[in-house]
$ cat input_32.cif   # mmCIF, C-alpha atoms
data_start
loop_
_atom_site.label_atom_id
_atom_site.label_comp_id
_atom_site.auth_asym_id
_atom_site.auth_seq_id
_atom_site.Cartn_x
_atom_site.Cartn_y
_atom_site.Cartn_z
CA MET A 1 -44.00 110.94 42.03
CA ARG A 2 -42.96 114.55 41.40
CA ILE A 3 -40.52 115.54 44.15
CA CYS A 4 -38.63 118.75 44.84
CA LEU A 5 -35.39 118.52 46.82
CA VAL A 6 -34.33 121.66 48.70
CA SER A 7 -30.81 121.67 50.11
CA GLU A 8 -27.98 124.03 50.95
CA THR A 9 -25.48 121.44 49.69
CA TRP A 10 -25.17 119.11 46.73
CA SER A 11 -22.58 116.89 45.08
CA PRO A 12 -19.64 117.39 44.53
CA ASP A 13 -19.66 118.90 48.04
CA ILE A 14 -18.05 116.48 50.51
CA ASN A 15 -20.43 115.97 53.43
CA GLY A 16 -23.08 113.56 54.61
CA VAL A 17 -26.06 115.58 53.35
CA ALA A 18 -24.71 115.85 49.80
CA HIS A 19 -23.79 112.16 49.76
CA THR A 20 -27.23 111.07 50.99
CA LEU A 21 -29.09 113.25 48.51
CA LYS A 22 -26.94 112.07 45.63
CA GLN A 23 -27.69 108.42 46.42
CA LEU A 24 -31.40 109.07 46.98
CA SER A 25 -31.80 111.08 43.78
CA SER A 26 -30.01 108.41 41.73
CA GLU A 27 -32.33 105.71 43.06
CA LEU A 28 -35.41 107.91 42.58
CA LEU A 29 -34.46 108.61 38.97
CA ARG A 30 -34.06 104.89 38.36
CA ARG A 31 -37.69 104.58 39.48
CA ASN A 32 -38.79 107.26 37.00
CA SER A 33 -39.58 109.89 39.63
CA THR A 34 -39.59 113.47 38.38
CA LEU A 35 -37.13 115.54 40.40
CA GLN A 36 -36.61 119.24 40.92
CA LEU A 37 -33.68 120.71 42.80
CA VAL A 38 -33.44 124.00 44.70
CA ARG A 39 -30.02 124.95 46.10
CA PRO A 40 -27.58 127.86 46.46
CA ARG A 41 -25.60 128.77 43.36
CA PRO A 42 -22.27 126.90 43.59
CA ALA A 43 -19.16 128.95 44.27
CA GLY A 44 -16.58 128.97 41.49
CA GLN A 45 -17.34 127.09 38.29
CA ALA A 46 -21.06 126.73 37.70
CA HIS A 47 -22.53 123.26 37.26
CA ARG A 48 -25.98 121.73 37.22
CA ALA A 49 -27.21 118.46 38.62
CA ASP A 50 -27.95 115.54 36.32
CA GLY A 51 -31.45 114.26 35.74
CA MET A 52 -33.47 117.18 37.14
CA SER A 53 -36.61 118.33 35.36
CA ALA A 54 -35.94 121.79 36.80
CA GLU A 55 -33.16 123.30 38.89
CA LEU A 56 -33.39 126.62 40.70
CA GLN A 57 -30.09 128.05 41.93
CA VAL A 58 -30.47 130.95 44.37
CA ARG A 59 -28.00 133.44 45.75
CA GLY A 60 -25.96 132.21 48.68
CA PHE A 61 -23.15 133.04 51.07
CA SER A 62 -20.36 131.03 52.67
CA MET A 63 -20.38 130.02 56.33
CA PRO A 64 -17.66 131.64 58.48
CA GLY A 65 -14.98 129.01 59.06
CA TYR A 66 -16.64 126.69 56.53
CA ARG A 67 -15.92 128.36 53.21
CA GLU A 68 -17.01 125.28 51.28
CA VAL A 69 -20.47 125.36 52.95
CA ARG A 70 -22.90 127.81 51.37
CA LEU A 71 -26.27 128.88 52.73
CA GLY A 72 -29.00 129.88 50.33
CA LEU A 73 -30.79 133.18 50.72
CA PRO A 74 -34.61 133.32 50.83
CA ALA A 75 -36.17 133.20 47.36
CA GLU A 76 -39.93 133.14 47.89
CA ARG A 77 -40.93 134.80 44.61
CA ARG A 78 -38.81 132.43 42.52
CA LEU A 79 -39.99 129.40 44.48
CA LYS A 80 -43.63 130.39 44.09
CA ARG A 81 -43.14 130.84 40.35
CA LEU A 82 -41.43 127.46 39.99
CA TRP A 83 -43.98 125.52 42.01
CA SER A 84 -46.94 127.28 40.42
CA GLU A 85 -45.70 126.33 36.95
CA GLU A 86 -44.41 122.83 37.86
CA ARG A 87 -46.17 121.80 41.04
CA PRO A 88 -44.46 118.92 42.90
CA ASP A 89 -46.44 116.28 44.79
CA ALA A 90 -44.15 116.71 47.80
CA ILE A 91 -41.11 118.71 48.88
CA TYR A 92 -38.14 117.40 50.85
CA VAL A 93 -36.27 120.13 52.74
CA ALA A 94 -32.92 118.69 53.76
CA THR A 95 -31.46 121.71 55.57
CA GLU A 96 -32.92 124.28 57.95
CA GLY A 97 -31.08 127.37 56.63
CA PRO A 98 -32.68 130.54 55.24
CA LEU A 99 -33.48 128.76 51.98
CA GLY A 100 -35.22 125.93 53.83
CA TRP A 101 -37.37 128.35 55.83
CA SER A 102 -38.24 130.18 52.63
CA ALA A 103 -39.26 126.94 50.93
CA LEU A 104 -41.43 125.93 53.89
CA ARG A 105 -43.32 129.24 53.86
CA VAL A 106 -44.04 129.05 50.12
CA ALA A 107 -45.09 125.39 50.32
CA GLU A 108 -47.54 126.22 53.12
CA LYS A 109 -49.10 128.99 51.01
CA LEU A 110 -49.46 126.65 48.02
CA GLY A 111 -50.67 123.69 50.06
CA ILE A 112 -47.79 121.39 49.07
CA PRO A 113 -46.78 118.84 51.74
CA VAL A 114 -43.25 119.16 53.12
CA VAL A 115 -41.08 116.49 54.70
CA SER A 116 -37.88 117.65 56.38
CA GLY A 117 -34.59 115.95 57.12
CA TRP A 118 -32.54 116.01 60.32
CA HIS A 119 -28.96 115.81 59.09
CA THR A 120 -27.05 117.89 61.68
CA ASN A 121 -26.88 117.84 65.48
CA PHE A 122 -26.75 121.57 66.08
CA ASP A 123 -26.62 121.16 69.87
CA HIS A 124 -23.21 119.47 69.54
CA TYR A 125 -22.00 122.17 67.20
CA CYS A 126 -23.00 124.89 69.66
CA ARG A 127 -20.95 123.26 72.41
CA ASP A 128 -17.97 122.43 70.22
CA TYR A 129 -17.73 126.03 69.01
CA GLY A 130 -18.05 127.63 72.43
CA ILE A 131 -21.65 128.87 72.20
CA GLY A 132 -23.35 126.17 74.24
CA TRP A 133 -25.57 128.81 75.86
CA LEU A 134 -27.39 129.07 72.50
CA THR A 135 -28.45 125.42 72.51
CA PRO A 136 -31.96 125.89 74.05
CA LEU A 137 -32.76 128.72 71.63
CA VAL A 138 -31.49 126.72 68.63
CA THR A 139 -33.51 123.68 69.70
CA GLN A 140 -36.65 125.78 70.08
CA ARG A 141 -36.19 127.30 66.63
CA LEU A 142 -35.58 123.91 65.00
CA ARG A 143 -38.59 122.39 66.76
CA HIS A 144 -40.76 125.18 65.37
CA PHE A 145 -39.44 124.53 61.86
CA HIS A 146 -39.79 120.75 61.88
CA ASN A 147 -43.20 120.70 63.55
CA ARG A 148 -44.58 122.76 60.66
CA CYS A 149 -43.63 119.89 58.34
CA ALA A 150 -45.69 116.77 57.70
CA GLY A 151 -42.80 114.67 58.95
CA THR A 152 -39.15 114.75 59.92
CA LEU A 153 -36.76 112.00 58.80
CA VAL A 154 -33.92 111.02 61.13
CA PRO A 155 -31.31 108.30 60.54
CA THR A 156 -31.60 106.27 63.78
CA ARG A 157 -34.19 105.08 66.27
CA GLN A 158 -32.14 106.67 69.05
CA GLN A 159 -32.36 110.07 67.35
CA ALA A 160 -36.10 109.66 66.82
CA GLU A 161 -36.66 108.93 70.49
CA GLU A 162 -34.50 111.85 71.61
CA LEU A 163 -36.25 114.37 69.36
CA THR A 164 -39.71 113.07 70.25
CA ALA A 165 -38.85 113.55 73.92
CA LYS A 166 -37.97 117.16 73.12
CA GLY A 167 -41.36 117.84 71.57
CA PHE A 168 -40.65 117.14 67.89
CA LYS A 169 -43.68 115.62 66.16
CA ASN A 170 -44.15 113.16 63.28
CA VAL A 171 -40.60 111.82 63.50
CA ARG A 172 -39.79 108.86 61.24
CA VAL A 173 -36.62 106.83 60.72
CA MET A 174 -34.80 106.73 57.40
CA ALA A 175 -31.36 105.19 57.74
CA ARG A 176 -28.53 105.57 55.24
CA GLY A 177 -27.41 103.02 52.68
CA ILE A 178 -24.23 101.70 51.14
CA ASP A 179 -23.06 100.58 47.71
CA GLY A 180 -21.41 97.28 48.61
CA ASP A 181 -19.53 97.14 45.31
CA ALA A 182 -18.11 100.65 45.58
CA PHE A 183 -16.98 100.01 49.17
CA SER A 184 -15.59 96.49 49.36
CA PRO A 185 -12.54 94.53 50.56
CA ALA A 186 -12.01 93.75 46.86
CA HIS A 187 -10.37 97.18 46.51
CA ARG A 188 -7.53 96.29 48.89
CA SER A 189 -4.20 97.38 47.39
CA SER A 190 -0.83 95.96 48.43
CA GLU A 191 0.82 98.82 46.54
CA LEU A 192 -1.05 101.38 48.61
CA ARG A 193 -0.10 99.60 51.83
CA GLU A 194 3.53 99.60 50.72
CA SER A 195 3.34 103.35 50.17
CA TRP A 196 2.30 103.55 53.82
CA ASP A 197 5.36 101.48 54.82
CA SER A 198 3.16 98.57 55.75
CA ASP A 199 2.60 94.96 54.70
CA GLU A 200 0.17 92.20 55.63
CA HIS A 201 1.81 91.72 59.03
CA ARG A 202 1.79 95.35 60.20
CA PRO A 203 -1.64 96.88 60.81
CA VAL A 204 -2.96 100.09 59.30
CA ALA A 205 -5.39 102.26 61.27
CA LEU A 206 -7.53 104.77 59.37
CA TYR A 207 -9.63 107.85 60.09
CA VAL A 208 -11.83 109.48 57.45
CA GLY A 209 -13.68 112.73 58.05
CA ARG A 210 -13.55 116.46 58.44
CA LEU A 211 -10.80 117.67 60.77
CA ALA A 212 -12.76 120.12 62.88
CA PRO A 213 -13.57 120.59 66.61
CA GLU A 214 -16.91 118.77 66.47
CA LYS A 215 -15.10 115.54 65.46
CA ASN A 216 -13.52 115.04 68.92
CA LEU A 217 -10.00 115.53 67.57
CA ASP A 218 -8.34 115.58 70.99
CA LEU A 219 -9.39 111.99 71.58
CA LEU A 220 -8.36 111.05 68.04
CA ARG A 221 -4.90 112.49 68.72
CA ASP A 222 -4.55 110.73 72.08
CA THR A 223 -5.77 107.41 70.68
CA PHE A 224 -3.39 107.44 67.74
CA SER A 225 -0.49 108.41 70.04
CA ALA A 226 -1.28 105.48 72.34
CA MET A 227 -1.57 103.06 69.42
CA LEU A 228 1.81 104.11 68.04
CA ALA A 229 3.39 103.79 71.48
CA ALA A 230 2.07 100.22 71.73
CA ARG A 231 2.88 99.26 68.13
CA PRO A 232 5.53 101.62 66.71
CA GLU A 233 5.67 99.63 63.47
CA MET A 234 2.01 100.19 62.58
CA SER A 235 0.86 102.80 60.06
CA ILE A 236 -1.84 105.40 60.65
CA VAL A 237 -3.57 107.28 57.82
CA VAL A 238 -5.90 110.29 58.11
CA VAL A 239 -8.11 111.13 55.13
CA GLY A 240 -9.78 114.54 55.29
CA ASP A 241 -9.09 118.19 55.87
CA GLY A 242 -10.24 121.10 57.95
CA PRO A 243 -9.14 123.70 60.49
CA GLY A 244 -7.82 121.06 62.90
CA ARG A 245 -5.41 119.49 60.46
CA SER A 246 -2.34 121.60 61.21
CA GLY A 247 -2.57 120.95 64.96
CA LEU A 248 -2.91 117.21 64.40
CA GLU A 249 0.03 117.14 62.01
CA LYS A 250 2.24 118.80 64.62
CA ALA A 251 1.08 116.44 67.37
CA LEU A 252 1.31 113.31 65.20
CA PRO A 253 4.38 113.65 62.98
CA ASP A 254 4.42 109.91 62.16
CA VAL A 255 0.85 109.89 60.84
CA ARG A 256 0.12 110.26 57.11
CA PHE A 257 -2.35 113.02 56.22
CA THR A 258 -3.79 112.76 52.71
CA GLY A 259 -6.34 115.57 52.61
CA PHE A 260 -9.56 114.73 50.80
CA VAL A 261 -9.30 112.08 48.08
CA ASP A 262 -11.54 111.17 45.13
CA PRO A 263 -14.21 108.46 45.60
CA GLN A 264 -12.26 105.68 43.88
CA SER A 265 -9.15 106.40 45.88
CA LEU A 266 -11.22 106.62 49.06
CA ALA A 267 -12.55 103.10 48.50
CA ARG A 268 -8.98 101.82 48.13
CA HIS A 269 -7.92 103.61 51.32
CA TYR A 270 -10.71 101.97 53.29
CA ALA A 271 -10.09 98.49 51.89
CA SER A 272 -6.32 98.73 52.36
CA ALA A 273 -6.58 99.49 56.09
CA ASP A 274 -7.34 97.09 58.97
CA LEU A 275 -8.92 99.24 61.67
CA PHE A 276 -11.13 102.31 61.57
CA ILE A 277 -10.99 104.74 64.50
CA PHE A 278 -13.93 107.12 64.84
CA PRO A 279 -14.26 109.09 68.12
CA SER A 280 -16.85 111.65 66.96
CA ILE A 281 -20.17 112.01 68.78
CA SER A 282 -21.55 114.92 66.75
CA GLU A 283 -22.98 112.89 63.84
CA THR A 284 -26.64 112.22 63.19
CA TRP A 285 -25.49 109.11 61.30
CA GLY A 286 -21.84 108.94 60.20
CA ASN A 287 -21.59 107.58 56.64
CA VAL A 288 -17.90 106.84 57.14
CA VAL A 289 -18.71 104.16 59.74
CA LEU A 290 -20.92 102.31 57.26
CA GLU A 291 -18.35 102.75 54.48
CA ALA A 292 -15.58 101.37 56.69
CA MET A 293 -17.67 98.38 57.73
CA ALA A 294 -18.63 97.60 54.13
CA SER A 295 -14.91 97.71 53.31
CA GLY A 296 -14.23 94.99 55.87
CA LEU A 297 -12.68 97.10 58.64
CA ALA A 298 -12.96 96.56 62.38
CA VAL A 299 -14.43 99.83 63.67
CA VAL A 300 -13.87 101.39 67.09
CA ALA A 301 -16.63 103.93 67.80
CA PHE A 302 -18.91 105.21 70.52
CA ARG A 303 -22.46 103.88 70.87
CA HIS A 304 -23.84 106.89 69.06
CA ALA A 305 -25.56 107.36 65.69
CA ALA A 306 -24.34 104.70 63.21
CA GLY A 307 -22.04 103.31 65.90
CA ALA A 308 -25.07 102.48 68.04
CA GLU A 309 -27.26 101.32 65.16
CA LEU A 310 -24.74 99.10 63.38
CA ILE A 311 -22.16 97.80 65.85
CA ASP A 312 -22.71 94.87 68.20
CA ASN A 313 -19.75 95.03 70.56
CA ASP A 314 -17.07 92.42 69.83
CA ILE A 315 -19.28 90.82 67.17
CA ASN A 316 -18.86 93.18 64.23
CA GLY A 317 -16.85 95.99 65.81
CA VAL A 318 -16.00 97.62 69.12
CA SER A 319 -18.41 100.12 70.68
CA LEU A 320 -17.94 102.17 73.84
CA ALA A 321 -20.35 104.13 76.00
CA VAL A 322 -20.41 107.80 75.06
CA GLY A 323 -18.02 109.67 77.32
CA ASP A 324 -15.77 106.69 78.09
CA GLU A 325 -12.70 108.23 76.47
CA ASP A 326 -10.19 106.15 78.44
CA GLY A 327 -12.04 103.01 77.44
CA PHE A 328 -12.09 104.14 73.80
CA ARG A 329 -8.35 104.71 73.72
CA ASP A 330 -7.58 101.45 75.49
CA ALA A 331 -9.92 99.47 73.22
CA ALA A 332 -8.21 100.81 70.11
CA VAL A 333 -4.76 99.98 71.49
CA THR A 334 -5.82 96.45 72.47
CA LEU A 335 -7.48 95.76 69.12
CA SER A 336 -4.40 96.89 67.19
CA GLN A 337 -2.46 94.11 68.93
CA GLN A 338 -4.96 91.37 68.00
CA PRO A 339 -4.81 90.68 64.24
CA ALA A 340 -7.03 87.59 64.33
CA ARG A 341 -9.67 89.52 66.24
CA TYR A 342 -9.72 92.59 64.02
CA ALA A 343 -9.87 90.35 60.94
CA ARG A 344 -12.87 88.50 62.41
CA LEU A 345 -14.65 91.74 63.31
CA GLY A 346 -13.99 93.14 59.85
CA ARG A 347 -15.59 90.16 58.11
CA ALA A 348 -18.68 90.41 60.32
CA ALA A 349 -18.79 94.19 59.80
CA ARG A 350 -19.20 93.80 56.06
CA GLU A 351 -22.06 91.35 56.50
CA ARG A 352 -23.80 93.85 58.75
CA ALA A 353 -23.20 96.80 56.43
CA LEU A 354 -24.66 95.02 53.42
CA GLN A 355 -28.04 94.96 55.16
CA TYR A 356 -28.24 98.71 54.45
CA ARG A 357 -28.90 99.08 50.71
CA TRP A 358 -30.08 102.27 49.03
CA PRO A 359 -33.17 100.72 47.37
CA ALA A 360 -34.58 99.84 50.82
CA ILE A 361 -33.67 103.30 52.17
CA THR A 362 -35.46 104.89 49.21
CA ASP A 363 -38.56 102.82 50.01
CA ASP A 364 -38.61 104.45 53.46
CA PHE A 365 -38.15 107.89 51.91
CA LEU A 366 -41.04 107.44 49.49
CA ALA A 367 -43.25 106.02 52.24
CA ALA A 368 -42.74 109.22 54.25
CA LEU A 369 -43.61 111.40 51.25
CA ASN A 370 -46.71 109.33 50.48
CA LEU A 371 -47.85 109.59 54.08
CA ALA A 372 -47.36 113.38 53.95
CA GLN A 373 -49.70 113.58 50.94
CA GLU A 374 -52.35 111.54 52.71
CA VAL A 375 -52.52 113.74 55.82
CA PRO A 376 -55.52 116.08 55.34
CA ASP A 377 -54.83 118.46 58.21
CA GLU A 378 -51.88 119.13 60.50
CA THR A 379 -54.00 118.57 63.60
CA THR A 380 -54.52 114.92 62.62
CA ARG A 381 -50.93 114.03 61.78
CA PRO A 382 -49.80 110.83 63.49
CA CYS A 383 -46.54 110.74 65.41
CA ARG A 384 -44.46 107.82 64.16
CA VAL A 385 -41.11 106.80 65.62
#

$ encode --input "input_32.cif" --output "structure tokens"
Amino acid sequence: MRICLVSETWSPDINGVAHTLKQLSSELLRRNSTLQLVRPRPAGQAHRADGMSAELQVRGFSMPGYREVRLGLPAERRLKRLWSEERPDAIYVATEGPLGWSALRVAEKLGIPVVSGWHTNFDHYCRDYGIGWLTPLVTQRLRHFHNRCAGTLVPTRQQAEELTAKGFKNVRVMARGIDGDAFSPAHRSSELRESWDSDEHRPVALYVGRLAPEKNLDLLRDTFSAMLAARPEMSIVVVGDGPGRSGLEKALPDVRFTGFVDPQSLARHYASADLFIFPSISETWGNVVLEAMASGLAVVAFRHAAGAELIDNDINGVSLAVGDEDGFRDAAVTLSQQPARYARLGRAARERALQYRWPAITDDFLAALNLAQEVPDETTRPCRV
């Protein structure tokens, strides 16, 4: 199949969209698919993606407060030229920015089927950044965009049901996968634990992710404070960066903050911890939950996104009802005091995570693109959840 990927972000950007597209494209190339890529021109040193038959880099601009996130500007003439000369069988638009809208308009004119991705919960972002009043308008605009596509791919059944209830059509589920060799308990490092002033008898709790308001940082702070009060000898490590880092560092002086780390080091950080604490409810999926589980960690999370899809409470992790912040904090404290229990949950977590492999995820992706090509007219498109 000839596929064009349109995205505002691409590896080596550190976010869920870039990670998902990197894994998908690698698997598609292994299957001899022909791939094109359309994205904003990277800031700083220019680089091009591997394996693409064509790559169009358009002008872009950085998001206020998210300098590392660039939005692509509309490029209809260049897109029309590219797709007229090298017509793809289907287009996957991963992001709904100006570039995504531009791609959708050109694809409609050329009669090329488009499948879109739902990678960001913009309603949460509106509330977390103090513009909750914009949520209905944003939802309406996104519904208009996605309903012009042949299908919209979401990572969980829960998300599919929620969007369908809001009037989104042709919603299909495509989960996220894991490389069980890259993320594995085999990468556990006693030297790394020693650098955290820990050993096999003192637990290590870990958080991985962007340090920003939408990640529920107040609850993360309160939970870590309570865990340290209950077990002063334990170590807590935070991997990631963002505008909330300085406030957390002041509130949690005994916690180790690493900033972002390279992929190999990240795998060692996961495997060398014992518990993974993830209070965010803004994710559409949450790759870090799957990575932590594959690494053999007992995860404490809300029943939301990957936390709802992957975790069976007290079988392969601990899950709390969304909004139960007291329960979340107490569950993390209790688990940190039960080494046999968090070891048992961690073993079961890995077994669960290994059910999510990228080849199977890619099968779902290709099925959605094939279905989009088969639909003769938008009025006859089936709604699939």

$ resolve_selection --input "input_32.cif" --expression "the PyMOL selection byres ((chain A and resi 154-165) around 8)" --output "mmCIF file with C-alpha atoms, in the frame of the given file"
data_model
loop_
_atom_site.group_PDB
_atom_site.id
_atom_site.type_symbol
_atom_site.label_atom_id
_atom_site.label_comp_id
_atom_site.auth_asym_id
_atom_site.auth_seq_id
_atom_site.Cartn_x
_atom_site.Cartn_y
_atom_site.Cartn_z
ATOM 1 C CA GLY A 117 -34.590 115.950 57.120
ATOM 2 C CA TRP A 118 -32.540 116.010 60.320
ATOM 3 C CA HIS A 119 -28.960 115.810 59.090
ATOM 4 C CA THR A 152 -39.150 114.750 59.920
ATOM 5 C CA LEU A 153 -36.760 112.000 58.800
ATOM 6 C CA LYS A 166 -37.970 117.160 73.120
ATOM 7 C CA GLY A 167 -41.360 117.840 71.570
ATOM 8 C CA PHE A 168 -40.650 117.140 67.890
ATOM 9 C CA LYS A 169 -43.680 115.620 66.160
ATOM 10 C CA VAL A 171 -40.600 111.820 63.500
ATOM 11 C CA ARG A 172 -39.790 108.860 61.240
ATOM 12 C CA VAL A 173 -36.620 106.830 60.720
ATOM 13 C CA MET A 174 -34.800 106.730 57.400
ATOM 14 C CA ALA A 175 -31.360 105.190 57.740
ATOM 15 C CA ARG A 176 -28.530 105.570 55.240
ATOM 16 C CA THR A 284 -26.640 112.220 63.190
ATOM 17 C CA TRP A 285 -25.490 109.110 61.300
ATOM 18 C CA ALA A 305 -25.560 107.360 65.690
ATOM 19 C CA ALA A 306 -24.340 104.700 63.210
ATOM 20 C CA GLU A 309 -27.260 101.320 65.160
ATOM 21 C CA VAL A 385 -41.110 106.800 65.620
#

$ residues_around --input "input_32.cif" --residues "Leu37 (chain A)" --least-positions-apart "6" --cutoff "10 Å" --atoms "only C-alpha atoms" --output "ChimeraX atom specification"
/A:3-7,10,25,48-49,51-57,91-92

$ write_last_selection --input "input_32.cif" --atoms "C-alpha atoms" --output "mmCIF file, in the frame of the given file"
data_model
loop_
_atom_site.group_PDB
_atom_site.id
_atom_site.type_symbol
_atom_site.label_atom_id
_atom_site.label_comp_id
_atom_site.auth_asym_id
_atom_site.auth_seq_id
_atom_site.Cartn_x
_atom_site.Cartn_y
_atom_site.Cartn_z
ATOM 1 C CA ILE A 3 -40.520 115.540 44.150
ATOM 2 C CA CYS A 4 -38.630 118.750 44.840
ATOM 3 C CA LEU A 5 -35.390 118.520 46.820
ATOM 4 C CA VAL A 6 -34.330 121.660 48.700
ATOM 5 C CA SER A 7 -30.810 121.670 50.110
ATOM 6 C CA TRP A 10 -25.170 119.110 46.730
ATOM 7 C CA SER A 25 -31.800 111.080 43.780
ATOM 8 C CA ARG A 48 -25.980 121.730 37.220
ATOM 9 C CA ALA A 49 -27.210 118.460 38.620
ATOM 10 C CA GLY A 51 -31.450 114.260 35.740
ATOM 11 C CA MET A 52 -33.470 117.180 37.140
ATOM 12 C CA SER A 53 -36.610 118.330 35.360
ATOM 13 C CA ALA A 54 -35.940 121.790 36.800
ATOM 14 C CA GLU A 55 -33.160 123.300 38.890
ATOM 15 C CA LEU A 56 -33.390 126.620 40.700
ATOM 16 C CA GLN A 57 -30.090 128.050 41.930
ATOM 17 C CA ILE A 91 -41.110 118.710 48.880
ATOM 18 C CA TYR A 92 -38.140 117.400 50.850
#

$ closest_atom_pairs --input "input_32.cif" --of "region 145-202 of chain A" --to "region 332-350 of chain A" --cutoff "10 Å" --atoms "all atoms listed in the file" --output "JSON lines"
{"residue": "A:Gly180", "atom": "CA", "partner": "A:Arg350", "partner_atom": "CA", "distance": 8.5}
{"residue": "A:Phe183", "atom": "CA", "partner": "A:Arg350", "partner_atom": "CA", "distance": 9.5}
{"residue": "A:Ser184", "atom": "CA", "partner": "A:Arg350", "partner_atom": "CA", "distance": 8.1}
{"residue": "A:Pro185", "atom": "CA", "partner": "A:Arg350", "partner_atom": "CA", "distance": 8.7}
{"residue": "A:His201", "atom": "CA", "partner": "A:Pro339", "partner_atom": "CA", "distance": 8.5}
{"residue": "A:Arg202", "atom": "CA", "partner": "A:Pro339", "partner_atom": "CA", "distance": 9.0}

$ atom_distance --input "input_32.cif" --atom1 "CA of Pro113 (chain A)" --atom2 "CA of Leu71 (chain A)"
22.9 Å

$ resolve_selection --input "input_32.cif" --expression "the PyMOL selection byres ((chain A and resi 87) around 12)" --output "PDB file with C-alpha atoms, in the frame of the given file"
ATOM      1  CA  MET A   1     -44.000 110.940  42.030  1.00  0.00           C
ATOM      2  CA  ARG A   2     -42.960 114.550  41.400  1.00  0.00           C
ATOM      3  CA  ILE A   3     -40.520 115.540  44.150  1.00  0.00           C
ATOM      4  CA  CYS A   4     -38.630 118.750  44.840  1.00  0.00           C
ATOM      5  CA  THR A  34     -39.590 113.470  38.380  1.00  0.00           C
ATOM      6  CA  LEU A  35     -37.130 115.540  40.400  1.00  0.00           C
ATOM      7  CA  GLN A  36     -36.610 119.240  40.920  1.00  0.00           C
ATOM      8  CA  SER A  53     -36.610 118.330  35.360  1.00  0.00           C
ATOM      9  CA  ALA A  54     -35.940 121.790  36.800  1.00  0.00           C
ATOM     10  CA  LEU A  79     -39.990 129.400  44.480  1.00  0.00           C
ATOM     11  CA  LYS A  80     -43.630 130.390  44.090  1.00  0.00           C
ATOM     12  CA  ARG A  81     -43.140 130.840  40.350  1.00  0.00           C
ATOM     13  CA  LEU A  82     -41.430 127.460  39.990  1.00  0.00           C
ATOM     14  CA  TRP A  83     -43.980 125.520  42.010  1.00  0.00           C
ATOM     15  CA  SER A  84     -46.940 127.280  40.420  1.00  0.00           C
ATOM     16  CA  GLU A  85     -45.700 126.330  36.950  1.00  0.00           C
ATOM     17  CA  GLU A  86     -44.410 122.830  37.860  1.00  0.00           C
ATOM     18  CA  PRO A  88     -44.460 118.920  42.900  1.00  0.00           C
ATOM     19  CA  ASP A  89     -46.440 116.280  44.790  1.00  0.00           C
ATOM     20  CA  ALA A  90     -44.150 116.710  47.800  1.00  0.00           C
ATOM     21  CA  ILE A  91     -41.110 118.710  48.880  1.00  0.00           C
ATOM     22  CA  VAL A 106     -44.040 129.050  50.120  1.00  0.00           C
ATOM     23  CA  ALA A 107     -45.090 125.390  50.320  1.00  0.00           C
ATOM     24  CA  LEU A 110     -49.460 126.650  48.020  1.00  0.00           C
ATOM     25  CA  GLY A 111     -50.670 123.690  50.060  1.00  0.00           C
ATOM     26  CA  ILE A 112     -47.790 121.390  49.070  1.00  0.00           C
ATOM     27  CA  PRO A 113     -46.780 118.840  51.740  1.00  0.00           C
TER      28      PRO A 113
END

$ axis_aligned_box --input "input_32.cif" --around "region 20-33 of chain A" --padding-each-side "3 Å" --output "JSON"
{"center_x": -33.3, "center_y": 108.9, "center_z": 44.0, "size_x": 18.6, "size_y": 14.7, "size_z": 20.0}

$ resolve_selection --input "input_32.cif" --expression "the PyMOL selection byres ((chain A and resi 303) around 12)" --output "ChimeraX atom specification"
/A:156,158,278-283,285-286,289,299-302,304-313,317-324,328

$ closest_residue --input "input_32.cif" --among "A:Asp13, A:Asp181, A:Asp330, A:Glu249" --to "Arg268 (chain A)" --atoms "all atoms listed in the file"
A:Asp181

$ atom_distance --input "input_32.cif" --atom1 "CA of Leu266 (chain A)" --atom2 "CA of Asp222 (chain A)"
24.3 Å

$ closest_residue --input "input_32.cif" --among "A:Ser195, A:Asn370, A:Ser11, A:Ser295" --to "Ser26 (chain A)" --atoms "all atoms listed in the file"
A:Ser11

$ atom_distance --input "input_32.cif" --atom1 "CA of Leu29 (chain A)" --atom2 "CA of Glu96 (chain A)"
24.7 Å

$ build_atoms --input "input_32.cif" --residues "region 111-117 of chain A" --atoms "N, CA and C atoms" --output "PDB file, keeping the file's coordinate frame"
ATOM      1  N   GLY A 111     -50.049 124.930  49.644  1.00  0.00           N
ATOM      2  CA  GLY A 111     -50.670 123.690  50.060  1.00  0.00           C
ATOM      3  C   GLY A 111     -49.930 122.445  49.599  1.00  0.00           C
ATOM      4  N   ILE A 112     -48.601 122.531  49.488  1.00  0.00           N
ATOM      5  CA  ILE A 112     -47.790 121.390  49.070  1.00  0.00           C
ATOM      6  C   ILE A 112     -47.175 120.758  50.319  1.00  0.00           C
ATOM      7  N   PRO A 113     -47.332 119.472  50.526  1.00  0.00           N
ATOM      8  CA  PRO A 113     -46.780 118.840  51.740  1.00  0.00           C
ATOM      9  C   PRO A 113     -45.249 118.874  51.747  1.00  0.00           C
ATOM     10  N   VAL A 114     -44.691 119.078  52.936  1.00  0.00           N
ATOM     11  CA  VAL A 114     -43.250 119.160  53.120  1.00  0.00           C
ATOM     12  C   VAL A 114     -42.809 118.116  54.128  1.00  0.00           C
ATOM     13  N   VAL A 115     -41.773 117.374  53.770  1.00  0.00           N
ATOM     14  CA  VAL A 115     -41.080 116.490  54.700  1.00  0.00           C
ATOM     15  C   VAL A 115     -39.671 117.043  54.876  1.00  0.00           C
ATOM     16  N   SER A 116     -39.196 117.082  56.108  1.00  0.00           N
ATOM     17  CA  SER A 116     -37.880 117.650  56.380  1.00  0.00           C
ATOM     18  C   SER A 116     -36.906 116.566  56.810  1.00  0.00           C
ATOM     19  N   GLY A 117     -35.633 116.867  56.697  1.00  0.00           N
ATOM     20  CA  GLY A 117     -34.590 115.950  57.120  1.00  0.00           C
ATOM     21  C   GLY A 117     -33.830 116.501  58.314  1.00  0.00           C
TER      22      GLY A 117
END
